[in-house]
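> Supplied structure: entry-v3.pdb, PDB, C-alpha atoms.
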```pdb
ATOM      1  CA  MET M  12      96.601 111.912 102.978
ATOM      2  CA  GLN M  13      98.797 111.465 106.035
ATOM      3  CA  ILE M  14     101.370 114.142 105.242
ATOM      4  CA  PRO M  15      99.613 117.076 106.981
ATOM      5  CA  THR M  16      99.326 114.945 110.113
ATOM      6  CA  ILE M  17     103.009 114.019 109.985
ATOM      7  CA  ALA M  18     103.971 117.633 109.430
ATOM      8  CA  SER M  19     101.863 118.668 112.419
ATOM      9  CA  LEU M  20     103.478 116.042 114.627
ATOM     10  CA  LEU M  21     106.953 117.146 113.581
ATOM     11  CA  LEU M  22     106.055 120.737 114.303
ATOM     12  CA  CYS M  23     104.632 119.932 117.738
ATOM     13  CA  ALA M  24     107.664 117.847 118.648
ATOM     14  CA  SER M  25     110.025 120.641 117.636
ATOM     15  CA  MET M  26     108.158 123.147 119.808
ATOM     16  CA  VAL M  27     108.943 121.107 122.922
ATOM     17  CA  VAL M  28     112.717 121.134 122.635
ATOM     18  CA  ALA M  29     113.762 123.783 120.137
ATOM     19  CA  ALA M  30     115.107 127.241 120.718
ATOM     20  CA  PRO M  31     112.915 129.980 119.164
ATOM     21  CA  GLY M  32     114.993 130.386 115.996
ATOM     22  CA  THR M  33     115.249 126.638 115.437
ATOM     23  CA  GLU M  34     111.527 126.264 116.093
ATOM     24  CA  MET M  35     110.715 128.715 113.333
ATOM     25  CA  ARG M  36     113.062 127.020 110.866
ATOM     26  CA  ARG M  37     111.600 123.593 111.645
ATOM     27  CA  ALA M  38     108.069 124.930 111.246
ATOM     28  CA  ARG M  39     108.930 126.290 107.813
ATOM     29  CA  ALA M  40     110.606 122.985 106.889
ATOM     30  CA  ALA M  41     107.522 120.994 107.920
ATOM     31  CA  GLU M  42     105.338 123.310 105.853
ATOM     32  CA  ARG M  43     107.602 122.886 102.835
ATOM     33  CA  ARG M  44     107.542 119.077 103.131
ATOM     34  CA  ALA M  45     103.748 119.087 103.132
ATOM     35  CA  ALA M  46     103.661 121.364 100.073
ATOM     36  CA  ARG M  47     106.347 119.387  98.201
ATOM     37  CA  ALA M  48     104.300 116.192  98.560
ATOM     38  CA  SER M  49     101.746 117.565  96.088
ATOM     39  CA  ARG M  50     104.193 119.423  93.819
ATOM     40  CA  ALA M  51     103.557 118.682  90.161
ATOM     41  CA  SER M  52     104.314 120.030  86.747
ATOM     42  CA  ASN M  53     101.607 120.280  84.124
ATOM     43  CA  THR M  54     101.437 120.002  80.381
ATOM     44  CA  LEU M  55     101.495 123.334  78.591
ATOM     45  CA  GLN M  56      98.340 125.267  79.507
ATOM     46  CA  PRO M  57      97.350 127.882  76.891
ATOM     47  CA  ALA M  58      96.753 131.386  78.220
ATOM     48  CA  GLU M  59      93.135 132.459  78.531
ATOM     49  CA  SER M  60      93.674 135.193  75.956
ATOM     50  CA  GLU M  61      96.056 135.487  73.038
ATOM     51  CA  LEU M  62      98.147 138.650  72.925
ATOM     52  CA  SER M  63      99.560 140.121  69.754
ATOM     53  CA  VAL M  64     103.143 141.029  70.556
ATOM     54  CA  ALA M  65     105.919 141.643  68.048
ATOM     55  CA  SER M  66     108.893 139.348  68.518
ATOM     56  CA  GLY M  67     112.485 139.563  67.409
ATOM     57  CA  ASN M  68     113.197 135.979  68.424
ATOM     58  CA  ASP M  69     115.085 133.631  66.132
ATOM     59  CA  THR M  70     112.102 131.265  66.270
ATOM     60  CA  ALA M  71     109.057 130.232  64.312
ATOM     61  CA  HIS M  72     106.476 132.103  66.441
ATOM     62  CA  VAL M  73     105.492 133.036  69.977
ATOM     63  CA  GLU M  74     102.763 131.416  72.066
ATOM     64  CA  TYR M  75     101.395 132.307  75.497
ATOM     65  CA  SER M  76     100.781 129.955  78.384
ATOM     66  CA  SER M  77      99.623 130.293  81.975
ATOM     67  CA  ASN M  78     102.420 128.049  83.270
ATOM     68  CA  TRP M  79     105.304 127.565  80.774
ATOM     69  CA  ALA M  80     107.965 129.957  79.523
ATOM     70  CA  GLY M  81     110.847 128.909  77.290
ATOM     71  CA  ALA M  82     111.377 127.032  74.034
ATOM     72  CA  VAL M  83     109.747 123.929  72.588
ATOM     73  CA  LEU M  84     110.842 121.924  69.550
ATOM     74  CA  ILE M  85     108.161 119.880  67.819
ATOM     75  CA  GLY M  86     109.261 116.941  65.706
ATOM     76  CA  SER M  87     109.837 113.223  66.219
ATOM     77  CA  GLY M  88     112.326 110.774  67.639
ATOM     78  CA  TYR M  89     113.429 112.963  70.539
ATOM     79  CA  LYS M  90     115.362 110.662  72.867
ATOM     80  CA  THR M  91     117.680 112.949  74.849
ATOM     81  CA  VAL M  92     117.294 116.584  75.888
ATOM     82  CA  THR M  93     119.903 118.503  77.852
ATOM     83  CA  GLY M  94     120.751 122.030  78.935
ATOM     84  CA  THR M  95     122.891 123.934  81.448
ATOM     85  CA  PHE M  96     121.900 126.954  83.525
ATOM     86  CA  VAL M  97     123.124 129.017  86.459
ATOM     87  CA  VAL M  98     120.821 128.867  89.491
ATOM     88  CA  PRO M  99     119.172 132.265  90.068
ATOM     89  CA  THR M 100     118.280 133.978  93.331
ATOM     90  CA  PRO M 101     114.485 134.302  93.352
ATOM     91  CA  LYS M 102     112.898 137.463  94.704
ATOM     92  CA  VAL M 103     109.475 138.448  95.967
ATOM     93  CA  PRO M 104     107.675 140.113  93.023
ATOM     94  CA  SER M 105     107.012 143.830  93.175
ATOM     95  CA  GLY M 106     103.986 144.389  95.394
ATOM     96  CA  GLY M 107     104.231 140.867  96.816
ATOM     97  CA  SER M 108     103.926 139.822 100.447
ATOM     98  CA  SER M 109     106.849 138.767 102.636
ATOM     99  CA  SER M 110     104.582 136.134 104.217
ATOM    100  CA  THR M 111     103.825 134.406 100.888
ATOM    101  CA  THR M 112     106.031 131.751  99.277
ATOM    102  CA  TYR M 113     106.837 132.476  95.630
ATOM    103  CA  SER M 114     108.348 129.795  93.392
ATOM    104  CA  ALA M 115     109.462 128.936  89.869
ATOM    105  CA  SER M 116     111.219 125.986  88.262
ATOM    106  CA  ALA M 117     113.788 125.509  85.490
ATOM    107  CA  TRP M 118     113.764 122.166  83.698
ATOM    108  CA  VAL M 119     114.271 120.203  80.499
ATOM    109  CA  GLY M 120     111.841 117.609  79.252
ATOM    110  CA  ILE M 121     110.463 115.355  76.577
ATOM    111  CA  ASP M 122     106.786 115.856  75.573
ATOM    112  CA  GLY M 123     103.986 117.791  77.256
ATOM    113  CA  ASP M 124     103.127 120.288  74.502
ATOM    114  CA  THR M 125     101.500 118.630  71.486
ATOM    115  CA  CYS M 126     101.894 115.271  73.262
ATOM    116  CA  GLU M 127      99.918 115.441  76.507
ATOM    117  CA  THR M 128     100.031 111.815  77.659
ATOM    118  CA  ALA M 129     103.325 112.086  79.560
ATOM    119  CA  ILE M 130     106.376 114.240  80.266
ATOM    120  CA  LEU M 131     109.827 112.967  81.229
ATOM    121  CA  GLN M 132     111.467 115.907  82.959
ATOM    122  CA  THR M 133     113.986 117.020  85.566
ATOM    123  CA  GLY M 134     114.990 120.358  87.004
ATOM    124  CA  VAL M 135     115.388 122.682  89.959
ATOM    125  CA  ASP M 136     112.707 124.582  91.877
ATOM    126  CA  PHE M 137     113.603 127.897  93.479
ATOM    127  CA  SER M 138     111.436 129.500  96.162
ATOM    128  CA  VAL M 139     111.501 132.651  98.262
ATOM    129  CA  ARG M 140     109.551 133.722 101.327
ATOM    130  CA  GLY M 141     110.595 137.038 102.772
ATOM    131  CA  SER M 142     114.382 136.832 102.921
ATOM    132  CA  SER M 143     114.471 133.006 102.988
ATOM    133  CA  VAL M 144     115.440 131.245  99.728
ATOM    134  CA  SER M 145     115.371 127.488  99.077
ATOM    135  CA  TYR M 146     116.120 125.107  96.212
ATOM    136  CA  ASP M 147     114.917 121.585  95.339
ATOM    137  CA  ALA M 148     116.271 119.259  92.633
ATOM    138  CA  TRP M 149     113.590 116.908  91.303
ATOM    139  CA  TYR M 150     112.554 114.374  88.657
ATOM    140  CA  GLU M 151     109.134 113.514  87.260
ATOM    141  CA  TRP M 152     107.295 111.270  84.836
ATOM    142  CA  TYR M 153     104.066 113.228  84.433
ATOM    143  CA  PRO M 154     101.214 112.685  85.294
ATOM    144  CA  ASP M 155     102.790 111.330  88.476
ATOM    145  CA  TYR M 156     103.995 113.896  91.014
ATOM    146  CA  ALA M 157     107.537 115.221  91.080
ATOM    147  CA  TYR M 158     109.972 113.630  93.551
ATOM    148  CA  ASP M 159     112.943 115.343  95.135
ATOM    149  CA  PHE M 160     116.456 114.024  94.615
ATOM    150  CA  SER M 161     118.434 113.353  97.771
ATOM    151  CA  GLY M 162     122.184 113.688  98.128
ATOM    152  CA  ILE M 163     122.569 116.881  96.115
ATOM    153  CA  THR M 164     122.778 120.471  97.337
ATOM    154  CA  ILE M 165     121.778 123.426  95.176
ATOM    155  CA  ASN M 166     122.770 127.039  95.853
ATOM    156  CA  ALA M 167     122.407 130.324  94.006
ATOM    157  CA  GLY M 168     125.143 130.706  91.409
ATOM    158  CA  ASP M 169     125.706 126.973  90.960
ATOM    159  CA  THR M 170     126.011 125.751  87.374
ATOM    160  CA  ILE M 171     123.550 122.917  86.777
ATOM    161  CA  THR M 172     123.286 120.523  83.827
ATOM    162  CA  VAL M 173     119.938 118.749  83.456
ATOM    163  CA  THR M 174     119.385 115.810  81.118
ATOM    164  CA  VAL M 175     116.516 113.450  80.332
ATOM    165  CA  THR M 176     116.891 110.341  78.198
ATOM    166  CA  ALA M 177     114.078 108.115  76.941
ATOM    167  CA  SER M 178     115.241 104.545  76.363
ATOM    168  CA  SER M 179     111.704 103.714  75.212
ATOM    169  CA  THR M 180     108.281 105.345  75.411
ATOM    170  CA  SER M 181     107.826 103.849  78.896
ATOM    171  CA  ALA M 182     111.347 104.030  80.356
ATOM    172  CA  GLY M 183     114.192 106.469  80.747
ATOM    173  CA  THR M 184     116.464 108.412  83.082
ATOM    174  CA  ALA M 185     116.587 111.875  84.629
ATOM    175  CA  THR M 186     119.983 113.266  85.621
ATOM    176  CA  ILE M 187     121.089 116.441  87.380
ATOM    177  CA  GLU M 188     124.751 117.405  87.618
ATOM    178  CA  ASN M 189     125.887 120.236  89.862
ATOM    179  CA  VAL M 190     128.913 121.226  87.827
ATOM    180  CA  THR M 191     130.035 123.613  90.562
ATOM    181  CA  THR M 192     130.216 120.949  93.289
ATOM    182  CA  GLY M 193     130.889 117.924  91.075
ATOM    183  CA  LYS M 194     127.843 116.045  92.412
ATOM    184  CA  THR M 195     125.563 114.070  90.047
ATOM    185  CA  VAL M 196     122.275 112.338  90.839
ATOM    186  CA  SER M 197     120.105 110.219  88.567
ATOM    187  CA  HIS M 198     116.798 108.373  88.611
ATOM    188  CA  SER M 199     115.688 105.559  86.300
ATOM    189  CA  PHE M 200     112.092 104.985  85.219
ATOM    190  CA  SER M 201     110.708 101.739  83.805
ATOM    191  CA  GLY M 202     107.342 100.261  82.963
ATOM    192  CA  GLU M 203     105.538 103.608  82.985
ATOM    193  CA  THR M 204     101.899 103.215  81.923
ATOM    194  CA  ASP M 205     101.601 106.756  80.538
ATOM    195  CA  ALA M 206     103.635 106.608  77.323
ATOM    196  CA  LEU M 207     105.841 109.257  75.799
ATOM    197  CA  CYS M 208     105.375 110.312  72.185
ATOM    198  CA  GLU M 209     108.971 111.587  71.831
ATOM    199  CA  THR M 210     107.708 114.495  69.724
ATOM    200  CA  ASN M 211     108.442 117.508  71.977
ATOM    201  CA  ALA M 212     111.739 118.757  73.425
ATOM    202  CA  GLU M 213     111.623 121.558  76.012
ATOM    203  CA  TRP M 214     113.743 124.059  77.938
ATOM    204  CA  ILE M 215     111.296 125.625  80.364
ATOM    205  CA  VAL M 216     110.848 127.977  83.291
ATOM    206  CA  GLU M 217     107.541 126.971  84.875
ATOM    207  CA  ASP M 218     104.968 128.244  87.311
ATOM    208  CA  PHE M 219     104.314 124.756  88.672
ATOM    209  CA  SER M 220     101.355 123.427  90.647
ATOM    210  CA  SER M 221     100.951 122.448  94.280
ATOM    211  CA  GLY M 222      97.701 121.176  95.727
ATOM    212  CA  GLY M 223      96.018 121.418  92.334
ATOM    213  CA  SER M 224      96.661 125.104  91.629
ATOM    214  CA  LEU M 225      99.536 127.230  90.364
ATOM    215  CA  VAL M 226     101.936 128.469  93.024
ATOM    216  CA  SER M 227     102.604 132.193  93.398
ATOM    217  CA  PHE M 228     105.143 132.934  90.666
ATOM    218  CA  ALA M 229     108.563 134.176  91.806
ATOM    219  CA  ASN M 230     110.628 136.903  90.245
ATOM    220  CA  PHE M 231     113.345 134.520  89.058
ATOM    221  CA  GLY M 232     115.444 137.199  87.365
ATOM    222  CA  THR M 233     116.968 135.540  84.309
ATOM    223  CA  VAL M 234     117.556 131.888  83.453
ATOM    224  CA  THR M 235     119.649 131.018  80.401
ATOM    225  CA  PHE M 236     119.924 127.443  79.148
ATOM    226  CA  THR M 237     123.228 126.981  77.322
ATOM    227  CA  GLY M 238     124.377 123.863  75.517
ATOM    228  CA  ALA M 239     120.724 123.151  74.735
ATOM    229  CA  SER M 240     120.620 120.079  72.548
ATOM    230  CA  VAL M 241     118.458 117.184  71.400
ATOM    231  CA  ASN M 242     119.847 113.713  70.711
ATOM    232  CA  GLY M 243     123.351 115.065  71.217
ATOM    233  CA  GLY M 244     123.223 117.395  68.253
ATOM    234  CA  THR M 245     120.124 119.292  67.157
ATOM    235  CA  GLY M 246     119.775 122.595  68.988
ATOM    236  CA  VAL M 247     116.917 125.044  69.433
ATOM    237  CA  SER M 248     116.790 126.648  65.991
ATOM    238  CA  GLY M 249     113.183 126.815  64.820
ATOM    239  CA  ALA M 250     111.767 126.256  68.301
ATOM    240  CA  THR M 251     108.504 127.822  69.373
ATOM    241  CA  ILE M 252     108.992 130.475  72.044
ATOM    242  CA  ILE M 253     106.505 130.455  74.918
ATOM    243  CA  ASP M 254     105.894 133.229  77.448
ATOM    244  CA  ILE M 255     103.780 133.132  80.584
ATOM    245  CA  GLU M 256     100.652 135.267  80.573
ATOM    246  CA  GLN M 257      98.424 135.445  83.647
ATOM    247  CA  ASN M 258      95.464 137.770  84.155
ATOM    248  CA  SER M 259      96.143 139.405  80.774
ATOM    249  CA  LYS M 260      99.690 140.324  81.785
ATOM    250  CA  VAL M 261     102.833 138.844  80.248
ATOM    251  CA  LEU M 262     105.242 137.894  83.038
ATOM    252  CA  THR M 263     108.236 136.624  81.043
ATOM    253  CA  SER M 264     110.314 137.444  77.998
ATOM    254  CA  CYS M 265     112.009 134.461  76.365
ATOM    255  CA  SER M 266     114.240 134.205  73.312
ATOM    256  CA  THR M 267     116.790 131.990  71.632
ATOM    257  CA  SER M 268     120.329 132.854  70.577
ATOM    258  CA  GLY M 269     122.187 130.837  68.000
ATOM    259  CA  SER M 270     121.360 127.147  67.929
ATOM    260  CA  SER M 271     121.901 126.186  71.568
ATOM    261  CA  SER M 272     120.817 128.969  73.948
ATOM    262  CA  VAL M 273     117.440 129.803  75.480
ATOM    263  CA  THR M 274     116.986 132.819  77.766
ATOM    264  CA  CYS M 275     113.945 133.670  79.873
ATOM    265  CA  SER M 276     113.656 136.806  81.999
ATOM    266  CA  TYR M 277     110.990 137.761  84.504
ATOM    267  CA  THR M 278     109.167 140.939  83.435
ATOM    268  CA  GLY M 279     106.125 140.915  85.740
TER     269      GLY M 279
END
```
Can you turn what I pasted into structure tokens?


Amino acid sequence: MQIPTIASLLLCASMVVAAPGTEMRRARAAERRAARASRASNTLQPAESELSVASGNDTAHVEYSSNWAGAVLIGSGYKTVTGTFVVPTPKVPSGGSSSTTYSASAWVGIDGDTCETAILQTGVDFSVRGSSVSYDAWYEWYPDYAYDFSGITINAGDTITVTVTASSTSAGTATIENVTTGKTVSHSFSGETDALCETNAEWIVEDFSSGGSLVSFANFGTVTFTGASVNGGTGVSGATIIDIEQNSKVLTSCSTSGSSSVTCSYTG
């Protein structure tokens, strides 16, 4: 890959002309660009061990995963999935290092649980390193990598609506609206070789992958998807709740409320 070389060149060039503070910011930006180039979501990965935990959720049952937290509906004919959330301020987990980047992502999608061939998804990544916080809006047709949207700015406290629509099993759109700023971006897919099944609908907070392994998981606080719907009507009643478990420790607590709200909180 050429990206590490490009990042190194950008860093070297910035060192020649930049003031110390600018130099540090540009170095961090070059590092982020290199990492973003290999950013990818994954299908739901079951946790290595199953934990028996009582649940008061208004859902069918609870499952544990190493990378997904949230709610998944399993059915058929899922064409459109949408939800709205307020962007959190990620924090370094308790006992974490200020020199490590910690990240998480909130997204909606079609497929990826019982259907593992493809996922149509879009969402927002949030990352923290020391006192520096950053956000990236993205779209993805898994198993391809995620790609960042341009022309949209995301900040903590912004209200974001995310929507994916499958026009067929090989085509669709991903749309992100920053309700706070009034800016909307969209990407259209067509002729995708990895076909959707249209049997899973998801509202997820994810520990995503970069460079083939899970990133260090951020303390994302709480993310609540409101207005969660499928095909413009069906909500999340009867969805399976998923929590993230890593190294025999449950890091999230997710639940549903009513027919259109999914809440996930960091508990690690």

> Find the residues around M:Glu203 up to 9 Å (all atoms listed in the file counted), leave out those fewer than 5 positions away in its own chain, and share them as a list in words.

Trp152, Thr180, Ser181 and Ala182 of chain M

> As a check of understanding, name the residues that the PyMOL selection byres ((chain M and resi 88) around 12) selects in the supplied structure, as a count of residues only.

24

> What does the distance between atom CA of M:Phe219 and atom CA of M:Cys275 come to in Å, to one decimal place?

15.8 Å

> Report the distance between atom CA of M:Thr128 and atom CA of M:Asp205 in Å, rounded to one decimal place.

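Interatomic distance, atom CA of M:Thr128 to atom CA of M:Asp205: 6.0 Å.
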
> Could you give me, as a VMD selection string, the residues within 9 Å of M:Thr186, counting only C-alpha atoms and dropping anything in the same chain fewer than 6 positions from it?

chain M and resid 133 to 134 150 172 to 176 195 to 199

> Just give me the gap between atom CA of M:Val73 and atom CA of M:Thr237 in Å, one decimal is fine.

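If I compute the distance from atom CA of M:Val73 to atom CA of M:Thr237, I get 20.1 Å.
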
> Of the residues M:Gly243, M:Gly249, M:Gly123, M:Gly279, which is the one nearest to M:Val261, using all atoms listed in the file?

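Among the listed residues, the smallest separation from M:Val261 belongs to M:Gly279.
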
> Go through M:Asn230, M:Thr235, M:Thr95, M:Ser76 and flag the residue nearest M:Val190, using only C-alpha atoms for the distances.

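That would be M:Thr95, the residue with the smallest distance to M:Val190.
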
> Check which residues satisfy the PyMOL selection byres ((chain M and resi 141) around 8) in the file shown, then give them as a VMD selection string.

chain M and resid 103 108 to 112 139 to 140 142 to 143

> Pick the closest to M:Asp155 from M:Ile130, M:Leu225, M:Val135, M:Val98: which is it, counting all atoms listed in the file?

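Smallest distance to M:Asp155 is found for M:Ile130.
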
> For M:Ile252, find every residue with an atom within 7 Å (counting all atoms listed in the file), except residues of its own chain fewer than 2 positions away, and show them as a ChimeraX atom specification.

/M:70,72-74,81-83,250,254,265-266

> I want to know what sits within 7 Å of M:Ile171, based on only C-alpha atoms, with residues of the same chain fewer than 4 positions away left out; could you give that as a VMD selection string?

chain M and resid 95 to 97 187 to 190

> Any chance you could resolve the PyMOL selection byres ((chain M and resi 218) around 12) against this file and give the residues as an MDAnalysis selection string?

chainID M and resid 50:56 76:81 113:118 136:138 215:217 219:221 224:231 254:257 262:263 277

> So that I can see what lies close to stretch 191-194 of chain M, please list as a list in words the residues with an atom at most 8 Å from it, counting only C-alpha atoms and leaving out residues fewer than 5 positions away in the same chain.

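Those residues are Ile163, Asp169, Thr170 and Ile171 of chain M.
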